[in-house]
Amino acid sequence: TTMANNEVTVRTDEALAEELQRLSSATPAIDIYDNDNEIVLVADLPGVKTDGLDVQLDRDRLTLEGTRQLAEKGSTLSRDFGPVVYRRTFVVPRNIDPDTVQADLTAGVLTLRMKRRASAGPRVIEVRSS
């Protein structure tokens with residue numbers, strides 16, 4: 001319900017849902033850990049299920065997008081939280097091996113493990129005489 005010039009406008013549930021879908025986006029809380037072999041990213045995505053989660057690694061850009069949908073029956077009397085889209089993008093080191101990235105979503109917490117490629121390190125070249 002909105003008020004404009006002392007008039008009350010009542011929006012339908014469909015109009016309210018469309019507005020919430022358009023306006024409700026959030027940045028998820030993220031913790032990032034760096035160790036010798038991998039980078040571990042932990043994201044708080046409450047209410048997001050695996051079918052509503054999209055994780056993409058394109059070169060050095062990691063994008064997370066998760067949608068929380070609530071499917072309660074009946075008309076809405078009050079709403080403190082509703083559908084929301086969580087979005088976050090990161091730049092990751094180029095030495096991340098995309099073939100070894102692992103993602104696990106448990107109880108609304110995404111754990112993403114990104115292993116580094118094995119580095120060749122310095123190479124000693126033997127010089128032969130002829």
# chains A, B, ... in the order shown; residues from 1 in each chain; ligands from 1
>>> residues_around(residues="Ala29 of chain A", least_positions_apart="5", cutoff="9 Å", atoms="only C-alpha atoms", output="JSON, numbers by chain")
{"A": [42, 43, 44, 45]}
>>> write_last_selection(atoms="C-alpha atoms", output="mmCIF file, in the first residue's frame")
data_model
loop_
_atom_site.group_PDB
_atom_site.id
_atom_site.type_symbol
_atom_site.label_atom_id
_atom_site.label_comp_id
_atom_site.auth_asym_id
_atom_site.auth_seq_id
_atom_site.Cartn_x
_atom_site.Cartn_y
_atom_site.Cartn_z
ATOM 1 C CA VAL A 42 32.920 -18.889 1.911
ATOM 2 C CA ALA A 43 29.694 -17.038 1.034
ATOM 3 C CA ASP A 44 26.602 -16.605 3.188
ATOM 4 C CA LEU A 45 23.575 -17.198 0.932
#
>>> select_by_dssp(residues="segment 26-82 of chain A", states="strand (DSSP E or B)", output="PyMOL selection string")
chain A and resi 26+30-34+38-44+53-58+61-68
>>> residues_around(residues="Leu57 of chain A", least_positions_apart="6", cutoff="12 Å", atoms="only C-alpha atoms", output="list in words")
Thr63, Leu64, Glu65, Thr89, Phe90, Val91, Val92, Pro93, Arg94, Ile96, Asp97, Pro98, Asp99, Thr100, Val101, Gln102, Ala103, Leu112 and Met114 of chain A
>>> residues_around(residues="Ile32 of chain A", least_positions_apart="4", cutoff="8 Å", atoms="only C-alpha atoms", output="list in words")
Ile39, Val40, Leu41 and Val42 of chain A
>>> closest_residue(among="A:Ser129, A:Val124, A:Gly66, A:Arg117", to="Asn37 of chain A", atoms="only C-alpha atoms")
A:Arg117
>>> residues_around(residues="Thr27 of chain A", least_positions_apart="4", cutoff="7 Å", atoms="only C-alpha atoms", output="list of chain:residue names")
A:Tyr86, A:Arg87, A:Arg88
>>> write_last_selection(atoms="all heavy atoms", output="JSON list (two decimals), in the first residue's frame")
[["chain", "number", "residue", "atom", "x", "y", "z"],
["A", 86, "TYR", "N", 21.23, -12.54, -4.67],
["A", 86, "TYR", "CA", 22.55, -12.22, -4.16],
["A", 86, "TYR", "C", 23.52, -12.20, -5.34],
["A", 86, "TYR", "O", 23.53, -13.13, -6.15],
["A", 86, "TYR", "CB", 23.02, -13.29, -3.17],
["A", 86, "TYR", "CG", 22.18, -13.39, -1.93],
["A", 86, "TYR", "CD1", 21.22, -14.39, -1.80],
["A", 86, "TYR", "CD2", 22.36, -12.50, -0.88],
["A", 86, "TYR", "CE1", 20.46, -14.49, -0.66],
["A", 86, "TYR", "CE2", 21.60, -12.60, 0.27],
["A", 86, "TYR", "CZ", 20.65, -13.60, 0.37],
["A", 86, "TYR", "OH", 19.89, -13.70, 1.51],
["A", 87, "ARG", "N", 24.32, -11.13, -5.43],
["A", 87, "ARG", "CA", 25.30, -11.03, -6.53],
["A", 87, "ARG", "C", 26.63, -10.53, -5.98],
["A", 87, "ARG", "O", 26.66, -9.60, -5.17],
["A", 87, "ARG", "CB", 24.84, -10.04, -7.58],
["A", 87, "ARG", "CG", 23.74, -10.51, -8.45],
["A", 87, "ARG", "CD", 23.49, -9.52, -9.59],
["A", 87, "ARG", "NE", 22.30, -9.90, -10.31],
["A", 87, "ARG", "CZ", 21.14, -9.31, -10.22],
["A", 87, "ARG", "NH1", 21.00, -8.27, -9.43],
["A", 87, "ARG", "NH2", 20.10, -9.73, -10.90],
["A", 88, "ARG", "N", 27.70, -11.11, -6.49],
["A", 88, "ARG", "CA", 29.04, -10.62, -6.14],
["A", 88, "ARG", "C", 30.01, -11.08, -7.21],
["A", 88, "ARG", "O", 29.91, -12.20, -7.70],
["A", 88, "ARG", "CB", 29.44, -11.17, -4.77],
["A", 88, "ARG", "CG", 30.65, -10.53, -4.16],
["A", 88, "ARG", "CD", 30.30, -9.64, -2.99],
["A", 88, "ARG", "NE", 31.50, -9.05, -2.43],
["A", 88, "ARG", "CZ", 31.85, -9.11, -1.18],
["A", 88, "ARG", "NH1", 31.10, -9.73, -0.31],
["A", 88, "ARG", "NH2", 32.94, -8.53, -0.76]]
>>> atom_distance(atom1="atom CA of Asp60 of chain A", atom2="atom CA of Leu110 of chain A")
19.5 Å
>>> atom_distance(atom1="atom CA of Leu70 of chain A", atom2="atom CA of Asp104 of chain A")
21.5 Å
